[in-house]
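Q: Below is structure.txt; it holds compact mmCIF, C-alpha atoms and all ligand atoms.
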# COMPACT_ATOMS: atom_id res chain seq x y z
CA MET Q 1 -14.15 0.60 9.51
CA ASN Q 2 -16.14 -2.63 9.26
CA ALA Q 3 -15.32 -5.10 6.47
CA PRO Q 4 -17.87 -5.23 3.62
CA ARG Q 5 -20.72 -7.62 4.39
CA ALA Q 6 -20.89 -10.81 2.32
CA HIS Q 7 -23.67 -10.68 -0.26
CA GLN Q 8 -26.46 -13.24 0.14
CA PRO Q 9 -28.34 -14.24 -3.02
CA VAL Q 10 -31.95 -13.09 -2.94
CA LEU Q 11 -34.85 -15.45 -3.82
CA LEU Q 12 -32.39 -18.25 -4.62
CA ARG Q 13 -34.88 -21.14 -4.48
CA GLU Q 14 -37.40 -19.14 -6.51
CA VAL Q 15 -34.78 -18.27 -9.16
CA LEU Q 16 -33.88 -21.94 -9.60
CA GLU Q 17 -37.54 -22.93 -9.82
CA ALA Q 18 -38.15 -20.29 -12.47
CA LEU Q 19 -35.03 -21.11 -14.53
CA GLN Q 20 -35.56 -24.90 -14.54
CA VAL Q 21 -31.86 -25.45 -15.27
CA LYS Q 22 -31.13 -28.22 -17.79
CA SER Q 23 -27.82 -29.91 -17.14
CA ASP Q 24 -26.64 -29.45 -20.75
CA GLY Q 25 -28.13 -25.98 -21.21
CA ILE Q 26 -26.48 -22.60 -21.74
CA TYR Q 27 -27.26 -19.96 -19.11
CA LEU Q 28 -26.34 -16.31 -18.89
CA ASP Q 29 -26.14 -14.57 -15.51
CA GLY Q 30 -25.94 -10.90 -16.49
CA THR Q 31 -25.25 -9.75 -12.93
CA VAL Q 32 -22.92 -12.42 -11.60
CA GLY Q 33 -21.73 -10.31 -8.63
CA SER Q 34 -20.53 -12.55 -5.79
CA ALA Q 35 -21.86 -15.56 -7.72
CA GLY Q 36 -24.51 -16.59 -5.17
CA HIS Q 37 -27.01 -17.48 -7.88
CA ALA Q 38 -24.31 -18.47 -10.38
CA ARG Q 39 -22.85 -21.13 -8.08
CA ALA Q 40 -26.24 -22.77 -7.68
CA ILE Q 41 -26.75 -22.75 -11.47
CA ALA Q 42 -23.23 -24.03 -12.23
CA ALA Q 43 -23.69 -26.85 -9.71
CA GLN Q 44 -26.59 -28.19 -11.81
CA LEU Q 45 -24.66 -28.22 -15.11
CA GLU Q 46 -23.13 -31.26 -16.75
CA GLY Q 47 -22.01 -30.52 -20.25
CA GLY Q 48 -23.76 -27.15 -20.12
CA LEU Q 49 -22.28 -23.65 -19.80
CA LEU Q 50 -22.79 -20.65 -17.55
CA ILE Q 51 -21.75 -17.25 -18.89
CA GLY Q 52 -21.34 -14.71 -16.09
CA LEU Q 53 -21.21 -10.97 -16.78
CA ASP Q 54 -20.56 -8.06 -14.49
CA CYS Q 55 -19.61 -4.50 -15.40
CA ASP Q 56 -17.63 -4.14 -12.16
CA PRO Q 57 -14.16 -5.72 -12.47
CA GLU Q 58 -13.89 -6.19 -8.68
CA ALA Q 59 -17.20 -8.07 -8.59
CA LEU Q 60 -15.98 -10.23 -11.44
CA GLU Q 61 -12.86 -11.15 -9.45
CA ARG Q 62 -15.06 -12.24 -6.52
CA ALA Q 63 -17.12 -14.32 -8.94
CA ARG Q 64 -13.95 -15.86 -10.39
CA ALA Q 65 -12.84 -17.03 -6.95
CA ALA Q 66 -16.30 -18.31 -6.01
CA LEU Q 67 -16.72 -20.24 -9.28
CA ALA Q 68 -13.18 -21.59 -9.68
CA GLU Q 69 -14.20 -25.15 -8.85
CA TYR Q 70 -16.57 -25.25 -11.85
CA GLY Q 71 -13.72 -24.80 -14.35
CA GLU Q 72 -14.82 -25.08 -17.98
CA ARG Q 73 -18.49 -24.99 -17.06
CA VAL Q 74 -18.19 -21.23 -16.47
CA ARG Q 75 -17.03 -18.29 -18.63
CA LEU Q 76 -16.74 -14.91 -16.91
CA ILE Q 77 -16.61 -11.67 -18.87
CA GLN Q 78 -16.48 -8.04 -17.79
CA ALA Q 79 -19.34 -6.50 -19.72
CA ASN Q 80 -22.56 -4.59 -19.41
CA PHE Q 81 -25.60 -6.85 -19.70
CA ALA Q 82 -26.99 -4.39 -22.24
CA ARG Q 83 -24.32 -5.81 -24.58
CA LEU Q 84 -25.17 -9.47 -24.02
CA ASP Q 85 -25.65 -9.93 -27.77
CA ILE Q 86 -22.08 -8.82 -28.49
CA VAL Q 87 -20.74 -11.04 -25.70
CA SER Q 88 -22.69 -14.07 -27.00
CA ASP Q 89 -21.52 -13.43 -30.54
CA GLY Q 90 -17.93 -13.28 -29.27
CA LEU Q 91 -18.42 -16.74 -27.76
CA GLN Q 92 -20.15 -17.93 -30.95
CA ILE Q 93 -23.32 -18.62 -29.00
CA GLU Q 94 -26.51 -17.72 -30.80
CA ARG Q 95 -29.19 -18.82 -28.30
CA VAL Q 96 -29.35 -19.52 -24.58
CA ASP Q 97 -31.69 -21.55 -22.35
CA GLY Q 98 -31.96 -19.02 -19.58
CA ILE Q 99 -31.03 -15.50 -18.53
CA LEU Q 100 -30.90 -14.10 -15.00
CA LEU Q 101 -30.70 -10.42 -14.05
CA ASP Q 102 -30.47 -9.67 -10.32
CA LEU Q 103 -30.49 -5.89 -10.60
CA GLY Q 104 -28.77 -3.17 -8.64
CA VAL Q 105 -25.74 -3.44 -6.42
CA SER Q 106 -24.45 -6.04 -3.99
CA LEU Q 107 -23.95 -5.49 -0.27
CA THR Q 108 -20.21 -5.78 -0.86
CA GLN Q 109 -20.31 -2.83 -3.29
CA LEU Q 110 -22.57 -0.86 -0.97
CA ASP Q 111 -20.16 -1.40 1.92
CA SER Q 112 -17.11 -0.27 -0.06
CA ALA Q 113 -16.87 3.36 1.01
CA GLU Q 114 -14.66 4.33 -1.94
CA ARG Q 115 -17.45 3.46 -4.42
CA GLY Q 116 -19.58 6.26 -2.99
CA LEU Q 117 -22.77 4.18 -3.22
CA SER Q 118 -23.81 4.40 0.41
CA PHE Q 119 -25.14 7.46 2.21
CA ARG Q 120 -24.04 5.80 5.46
CA LEU Q 121 -20.32 5.77 4.59
CA ALA Q 122 -17.99 8.69 3.92
CA GLY Q 123 -16.47 8.44 0.46
CA PRO Q 124 -16.05 10.16 -2.91
CA LEU Q 125 -19.32 10.88 -4.73
CA ASP Q 126 -18.56 8.39 -7.49
CA MET Q 127 -21.26 5.65 -7.84
CA ARG Q 128 -19.92 4.17 -11.09
CA LEU Q 129 -20.23 0.38 -11.12
CA ASP Q 130 -18.11 0.30 -14.26
CA PRO Q 131 -15.05 2.43 -13.48
CA THR Q 132 -14.52 3.21 -17.18
CA LEU Q 133 -17.72 5.25 -17.38
CA ASP Q 134 -17.03 8.96 -17.93
CA THR Q 135 -19.46 10.59 -15.54
CA THR Q 136 -19.52 10.28 -11.76
CA ALA Q 137 -22.29 11.33 -9.39
CA ALA Q 138 -20.14 14.33 -8.37
CA ASP Q 139 -19.97 15.39 -12.04
CA LEU Q 140 -23.78 15.38 -12.23
CA VAL Q 141 -24.29 17.13 -8.89
CA ASN Q 142 -21.80 19.87 -9.79
CA SER Q 143 -22.80 20.44 -13.40
CA LEU Q 144 -26.56 19.92 -13.92
CA SER Q 145 -28.81 22.96 -13.80
CA GLU Q 146 -31.28 23.34 -10.93
CA GLY Q 147 -34.12 22.25 -13.21
CA GLU Q 148 -32.21 19.21 -14.40
CA LEU Q 149 -31.46 18.16 -10.81
CA VAL Q 150 -35.12 18.52 -9.84
CA LYS Q 151 -36.13 16.37 -12.81
CA LEU Q 152 -33.51 13.74 -12.03
CA PHE Q 153 -34.53 13.49 -8.35
CA ASN Q 154 -38.21 13.36 -9.36
CA ASP Q 155 -37.92 10.93 -12.26
CA TYR Q 156 -35.41 8.48 -10.81
CA GLY Q 157 -35.96 8.98 -7.07
CA GLU Q 158 -39.62 10.02 -6.79
CA GLU Q 159 -38.17 12.44 -4.23
CA ARG Q 160 -40.77 14.65 -2.60
CA TYR Q 161 -38.31 17.39 -1.64
CA ALA Q 162 -36.51 17.46 -5.01
CA SER Q 163 -36.85 21.25 -5.47
CA ARG Q 164 -35.51 22.18 -2.04
CA ILE Q 165 -32.62 19.73 -2.34
CA ALA Q 166 -31.69 21.02 -5.82
CA ARG Q 167 -31.85 24.65 -4.65
CA ASN Q 168 -29.55 23.92 -1.71
CA ILE Q 169 -27.14 22.00 -3.93
CA LEU Q 170 -26.83 25.04 -6.18
CA GLN Q 171 -26.31 27.34 -3.22
CA GLU Q 172 -23.64 25.07 -1.76
CA ARG Q 173 -21.71 24.46 -4.96
CA ARG Q 174 -21.32 28.20 -5.52
CA LYS Q 175 -19.03 28.09 -2.48
CA ARG Q 176 -17.15 24.89 -3.37
CA PRO Q 177 -17.68 21.70 -5.37
CA ILE Q 178 -19.70 18.89 -3.72
CA GLU Q 179 -17.29 15.99 -3.75
CA THR Q 180 -18.18 13.50 -1.04
CA THR Q 181 -21.15 11.45 0.10
CA THR Q 182 -21.07 13.31 3.42
CA ASP Q 183 -21.26 16.71 1.66
CA LEU Q 184 -24.37 15.57 -0.20
CA VAL Q 185 -26.01 13.89 2.80
CA SER Q 186 -25.66 17.03 4.89
CA ILE Q 187 -27.26 19.16 2.14
CA ILE Q 188 -30.16 16.69 1.88
CA GLU Q 189 -30.61 16.58 5.63
CA ARG Q 190 -30.80 20.37 5.74
CA SER Q 191 -33.35 20.38 2.91
CA VAL Q 192 -35.99 18.07 4.36
CA PRO Q 193 -38.34 18.83 7.26
CA ALA Q 194 -37.17 17.72 10.71
CA ARG Q 195 -39.90 15.08 10.98
CA VAL Q 196 -38.55 13.38 7.85
CA ARG Q 197 -34.95 13.76 8.98
CA TYR Q 198 -35.47 12.14 12.35
CA ARG Q 199 -38.54 9.96 12.09
CA GLY Q 200 -38.88 8.94 8.43
CA ARG Q 201 -39.20 5.25 7.53
CA ILE Q 202 -36.16 5.48 5.29
CA HIS Q 203 -33.02 7.62 5.48
CA PRO Q 204 -33.73 11.05 3.89
CA ALA Q 205 -30.87 10.55 1.39
CA THR Q 206 -32.17 7.18 0.08
CA ARG Q 207 -34.04 8.51 -2.94
CA VAL Q 208 -31.47 11.06 -4.11
CA PHE Q 209 -28.73 8.42 -3.91
CA GLN Q 210 -30.93 6.00 -5.86
CA ALA Q 211 -31.61 8.66 -8.51
CA LEU Q 212 -27.94 9.51 -8.96
CA ARG Q 213 -26.91 5.86 -9.16
CA ILE Q 214 -29.54 5.16 -11.82
CA ALA Q 215 -28.39 8.16 -13.87
CA VAL Q 216 -24.64 7.53 -13.53
CA ASN Q 217 -24.98 3.88 -14.57
CA HIS Q 218 -27.80 4.37 -17.16
CA GLU Q 219 -29.61 1.62 -15.28
CA LEU Q 220 -33.07 1.93 -16.82
CA GLU Q 221 -31.87 2.17 -20.42
CA ASN Q 222 -29.56 -0.82 -19.91
CA LEU Q 223 -32.41 -2.86 -18.42
CA GLN Q 224 -34.79 -2.07 -21.28
CA ARG Q 225 -32.15 -3.01 -23.85
CA ALA Q 226 -31.15 -6.22 -22.05
CA LEU Q 227 -34.79 -7.35 -21.89
CA GLU Q 228 -35.24 -6.83 -25.62
CA ILE Q 229 -32.01 -8.38 -26.85
CA GLY Q 230 -32.07 -11.08 -24.18
CA PHE Q 231 -35.55 -12.29 -25.11
CA ALA Q 232 -34.54 -12.40 -28.78
CA ARG Q 233 -31.59 -14.61 -27.81
CA LEU Q 234 -33.65 -17.18 -25.87
CA ARG Q 235 -34.33 -20.62 -27.29
CA PRO Q 236 -37.95 -21.81 -27.39
CA ASN Q 237 -38.83 -22.77 -23.80
CA GLY Q 238 -35.96 -20.56 -22.60
CA ARG Q 239 -36.52 -18.69 -19.35
CA PHE Q 240 -35.87 -15.02 -18.55
CA VAL Q 241 -35.78 -14.25 -14.82
CA VAL Q 242 -35.41 -10.73 -13.41
CA ILE Q 243 -35.19 -9.60 -9.79
CA SER Q 244 -35.81 -5.89 -9.29
CA PHE Q 245 -35.53 -3.79 -6.15
CA HIS Q 246 -37.53 -0.63 -6.85
CA SER Q 247 -40.67 0.34 -8.67
CA LEU Q 248 -38.96 2.03 -11.63
CA GLU Q 249 -37.14 -1.19 -12.55
CA ASP Q 250 -40.12 -3.39 -11.80
CA ARG Q 251 -42.37 -1.25 -14.00
CA ILE Q 252 -40.03 -1.71 -16.97
CA VAL Q 253 -39.87 -5.49 -16.49
CA LYS Q 254 -43.62 -5.80 -15.98
CA ARG Q 255 -44.41 -3.73 -19.09
CA TYR Q 256 -41.91 -5.54 -21.26
CA PHE Q 257 -43.06 -9.01 -20.21
CA LYS Q 258 -46.68 -7.96 -20.72
CA SER Q 259 -45.82 -6.79 -24.24
CA LEU Q 260 -44.64 -10.30 -25.13
CA ARG Q 261 -48.25 -11.52 -25.05
CA GLU Q 262 -48.61 -14.65 -27.15
CA ASN Q 263 -44.83 -15.15 -27.45
CA ALA Q 264 -44.29 -15.99 -23.80
CA ARG Q 265 -45.85 -17.32 -20.63
CA VAL Q 266 -45.11 -14.77 -17.93
CA TRP Q 267 -45.49 -14.91 -14.19
CA GLY Q 268 -44.75 -12.94 -11.03
CA PRO Q 269 -44.20 -10.90 -9.07
CA ILE Q 270 -42.81 -13.40 -6.60
CA THR Q 271 -41.61 -11.83 -3.36
CA PRO Q 272 -39.40 -13.30 -0.61
CA SER Q 273 -40.88 -15.39 2.18
CA ALA Q 274 -41.28 -13.86 5.63
CA GLU Q 275 -38.37 -16.01 6.72
CA GLU Q 276 -36.05 -14.66 4.00
CA ARG Q 277 -37.15 -11.08 4.67
CA ALA Q 278 -36.37 -11.48 8.36
CA GLN Q 279 -33.00 -13.02 7.70
CA ASN Q 280 -31.90 -10.73 4.83
CA PRO Q 281 -33.15 -7.12 5.05
CA ARG Q 282 -32.01 -6.41 1.47
CA ALA Q 283 -34.53 -8.98 0.23
CA ARG Q 284 -37.46 -6.93 1.52
CA SER Q 285 -38.05 -4.93 -1.65
CA ALA Q 286 -37.18 -7.74 -4.11
CA LYS Q 287 -39.65 -8.77 -6.84
CA LEU Q 288 -39.04 -11.63 -9.24
CA ARG Q 289 -40.72 -11.75 -12.63
CA ALA Q 290 -40.18 -14.47 -15.19
CA ALA Q 291 -41.00 -15.25 -18.80
CA CYS Q 292 -40.84 -18.52 -20.70
CA LYS Q 293 -40.49 -18.15 -24.47
CA LEU Q 294 -43.14 -20.08 -26.38
CA CYS Q 295 -41.82 -20.04 -29.90
C1 LIG Q 301 -27.39 -7.57 -6.83
S1 LIG Q 301 -25.78 -7.84 -7.44
C2 LIG Q 301 -25.84 -9.50 -8.01
C3 LIG Q 301 -25.57 -10.51 -6.96
C4 LIG Q 301 -25.46 -11.92 -7.45
N1 LIG Q 301 -26.69 -12.37 -8.08
C5 LIG Q 301 -25.09 -12.82 -6.31
O1 LIG Q 301 -25.91 -13.67 -5.92
O2 LIG Q 301 -23.98 -12.71 -5.79
C6 LIG Q 301 -25.82 -6.98 -8.95
C7 LIG Q 301 -24.50 -7.06 -9.72
O3 LIG Q 301 -24.78 -6.65 -11.04
C8 LIG Q 301 -23.78 -5.79 -11.49
N2 LIG Q 301 -24.42 -4.93 -12.49
C9 LIG Q 301 -25.31 -3.94 -12.30
N3 LIG Q 301 -25.69 -3.41 -13.47
C10 LIG Q 301 -25.03 -4.11 -14.44
C11 LIG Q 301 -25.02 -4.04 -15.86
N4 LIG Q 301 -25.75 -3.14 -16.54
N5 LIG Q 301 -24.25 -4.93 -16.53
C12 LIG Q 301 -23.48 -5.84 -15.87
N6 LIG Q 301 -23.45 -5.93 -14.52
C13 LIG Q 301 -24.22 -5.08 -13.81
C14 LIG Q 301 -23.28 -5.07 -10.27
O4 LIG Q 301 -21.95 -4.63 -10.47
C15 LIG Q 301 -23.40 -6.16 -9.20
O5 LIG Q 301 -22.22 -6.88 -9.06
Step by step, read the file and then write its structure as structure tokens.
A:
Amino acid sequence: MNAPRAHQPVLLREVLEALQVKSDGIYLDGTVGSAGHARAIAAQLEGGLLIGLDCDPEALERARAALAEYGERVRLIQANFARLDIVSDGLQIERVDGILLDLGVSLTQLDSAERGLSFRLAGPLDMRLDPTLDTTAADLVNSLSEGELVKLFNDYGEERYASRIARNILQERRKRPIETTTDLVSIIERSVPARVRYRGRIHPATRVFQALRIAVNHELENLQRALEIGFARLRPNGRFVVISFHSLEDRIVKRYFKSLRENARVWGPITPSAEERAQNPRARSAKLRAACKLC
């Protein structure tokens, strides 16, 4: 099997422009991952601090190696960004100058078959980014009712064939539990019309995998909470920068930033240049939105 691809930071120049890093400022990267953005932020600090969070301990180890040269300028903590207030309190930091959330998963995670995140790789149907979470994707697929599966695929995947896929999942799991990515992909492929299976713009399993990943990791709830507590923790003139990769996330960010009205200057969406899109396919769906706190 091929080695996981190295993750390239998306919209790097645009993130730095939006954050306007001050050399003595305190910055929080809530999705430090392979530290692509974090390295560029840390490189601009002198006397300042970068706090890097990731809920995936393996990602955090990659970040640790990538940021080693920055020593005391960086603190890395395994935590969910929805708990950034608790993490800051633990470090006795009340306010920060900037927060970055680069949502979703990295290419490295996607290419690790044992995480079960990719419909292209055979692996267990897991999908947890934080391995201490209780529920895996297999747990959901094997325990939710047909109606609950339809709702999940509709709400979190906007999946057109949600009913057929749910019906076939129920039929299949009466014979034996659905435990692997390949089991699920073959059910989905059987559930969609041939024209979608062979000629669709995206793989027919894309939306169901997205829906399950969102549910397993509570992605939308965590995002909403991180926006609220993160904004409260910004200093005046502090910047909040979020990169999202699908419309459900982007809608939450857009609505929340809009709700800030006279408390913030907001801008975006900023999308990658044609050059970046050509060079990094993952960047294609990225949207950056930013807010600068006014008071
Ligand atoms: C797109 S990657 C970030 C890549 C990083 N910006 C870079 O340039 O290398 C997203 C990372 O956020 C982590 N993540 C996703 N949801 C999280 C959450 N709620 N709390 C903390 N980390 C999260 C994932 O484990 C993953 O490592």
Q: Mind checking which residues fall within 12 Å of Arg174 (chain Q), counting only C-alpha atoms, ignoring those fewer than 4 positions away in the same chain, and posting them as a list in words?
A: Val141, Asn142, Ser143, Arg167, Asn168, Ile169, Leu170 and Ile178 of chain Q
Q: Per residue of region 74-178 of chain Q within 10 Å of region 10-18 of chain Q, record the nearest atom pair and its distance in Å to one decimal, counting all atoms listed in the file, with rows in chain order and ascending residue number, as a Markdown table.
A:
| residue | atom | partner | partner_atom | distance |
| --- | --- | --- | --- | --- |
| Q:Gly98 | CA | Q:Ala18 | CA | 9.5 |
| Q:Leu100 | CA | Q:Val15 | CA | 8.2 |
| Q:Asp102 | CA | Q:Val10 | CA | 8.3 |
Q: Between Q:Asp134, Q:Glu94, Q:Glu172, Q:Glu219, which residue has the minimum interatomic distance to Ile252 (chain Q), considering all atoms listed in the file?
A: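 So, comparing all the options, the nearest one is Q:Glu219.
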Q: Report as a ChimeraX atom specification which protein, DNA and RNA residues come within 7 Å of ligand LIG 301 (chain Q), using all atoms listed in the file.
A: /Q:7-10,30-38,53-56,59,79-82,102-106,129,219,222-223
Q: List the spatial neighbours of Arg164 (chain Q) as a PDB file with C-alpha atoms, in the coordinates of the input - criterion: any atom at most 10 Å away, all atoms listed in the file, same-chain residues fewer than 3 positions off excluded.
A:
ATOM      1  CA  GLU Q 146     -31.280  23.340 -10.930  1.00  0.00           C
ATOM      2  CA  VAL Q 150     -35.120  18.520  -9.840  1.00  0.00           C
ATOM      3  CA  ARG Q 160     -40.770  14.650  -2.600  1.00  0.00           C
ATOM      4  CA  TYR Q 161     -38.310  17.390  -1.640  1.00  0.00           C
ATOM      5  CA  ARG Q 167     -31.850  24.650  -4.650  1.00  0.00           C
ATOM      6  CA  ASN Q 168     -29.550  23.920  -1.710  1.00  0.00           C
ATOM      7  CA  ILE Q 169     -27.140  22.000  -3.930  1.00  0.00           C
ATOM      8  CA  ILE Q 187     -27.260  19.160   2.140  1.00  0.00           C
ATOM      9  CA  ILE Q 188     -30.160  16.690   1.880  1.00  0.00           C
ATOM     10  CA  ARG Q 190     -30.800  20.370   5.740  1.00  0.00           C
ATOM     11  CA  SER Q 191     -33.350  20.380   2.910  1.00  0.00           C
ATOM     12  CA  VAL Q 192     -35.990  18.070   4.360  1.00  0.00           C
TER      13      VAL Q 192
END
Q: Would you mind listing what lies within 6 Å of region 265-275 of chain Q as an mmCIF file with C-alpha atoms, in the coordinates of the input, with all atoms listed in the file counted and same-chain residues fewer than 2 positions away left out?
A:
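What follows is the written file selection_31.cif:
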data_model
loop_
_atom_site.group_PDB
_atom_site.id
_atom_site.type_symbol
_atom_site.label_atom_id
_atom_site.label_comp_id
_atom_site.auth_asym_id
_atom_site.auth_seq_id
_atom_site.Cartn_x
_atom_site.Cartn_y
_atom_site.Cartn_z
ATOM 1 C CA LEU Q 11 -34.850 -15.450 -3.820
ATOM 2 C CA ARG Q 277 -37.150 -11.080 4.670
ATOM 3 C CA ALA Q 278 -36.370 -11.480 8.360
ATOM 4 C CA LYS Q 287 -39.650 -8.770 -6.840
ATOM 5 C CA LEU Q 288 -39.040 -11.630 -9.240
ATOM 6 C CA ARG Q 289 -40.720 -11.750 -12.630
ATOM 7 C CA ALA Q 290 -40.180 -14.470 -15.190
ATOM 8 C CA ALA Q 291 -41.000 -15.250 -18.800
ATOM 9 C CA CYS Q 292 -40.840 -18.520 -20.700
#
Q: Nearest to Asp250 (chain Q): which of Q:Leu101, Q:Ser118, Q:Gly230, Q:Glu69 is it, counting only C-alpha atoms?
A: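 The shortest atom-to-atom distance to Asp250 (chain Q) comes from Q:Leu101.
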Q: I'd like to know which of Q:Ala43, Q:Leu107, Q:Ala122, Q:Val253 is closest to Arg225 (chain Q), using all atoms listed in the file.
A: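 For Arg225 (chain Q), the nearest of the candidates is Q:Val253.
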Q: Measuring atom to atom with all atoms listed in the file, identify which of Q:Ala65, Q:Pro236, Q:Asp24, Q:Glu262 is nearest to Leu45 (chain Q).
A: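 Answer, going by the shortest atom-to-atom distance: Q:Asp24.
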Q: Env of Gly157 (chain Q): 6 Å cut, atoms = all atoms listed in the file, seq-sep filter 4 positions within chain, self excluded. Answer as a list of chain:residue names.
A: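 Final neighbour list, sorted by chain and number: Q:Phe153, Q:Arg207, Q:Val208, Q:Gln210, Q:Ala211.
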Q: Determine the nearest neighbour of Val96 (chain Q) from the options Q:Arg261, Q:Lys22, Q:Arg176, Q:Lys254, counting only C-alpha atoms.
A: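 With only C-alpha atoms as the atom set, the closest residue is Q:Lys22.
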Q: For Ile26 (chain Q), which residue out of Q:Lys293, Q:Arg213, Q:Arg235, Q:Arg197 is the nearest one, using all atoms listed in the file?
A: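 The answer is Q:Arg235, which sits nearest to Ile26 (chain Q).
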Q: Using CA of Leu49 (chain Q) and CA of Arg73 (chain Q) as the two end points, give the distance in Å to one decimal.
A: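 Rounded to one decimal, the two atoms are 4.9 Å apart.
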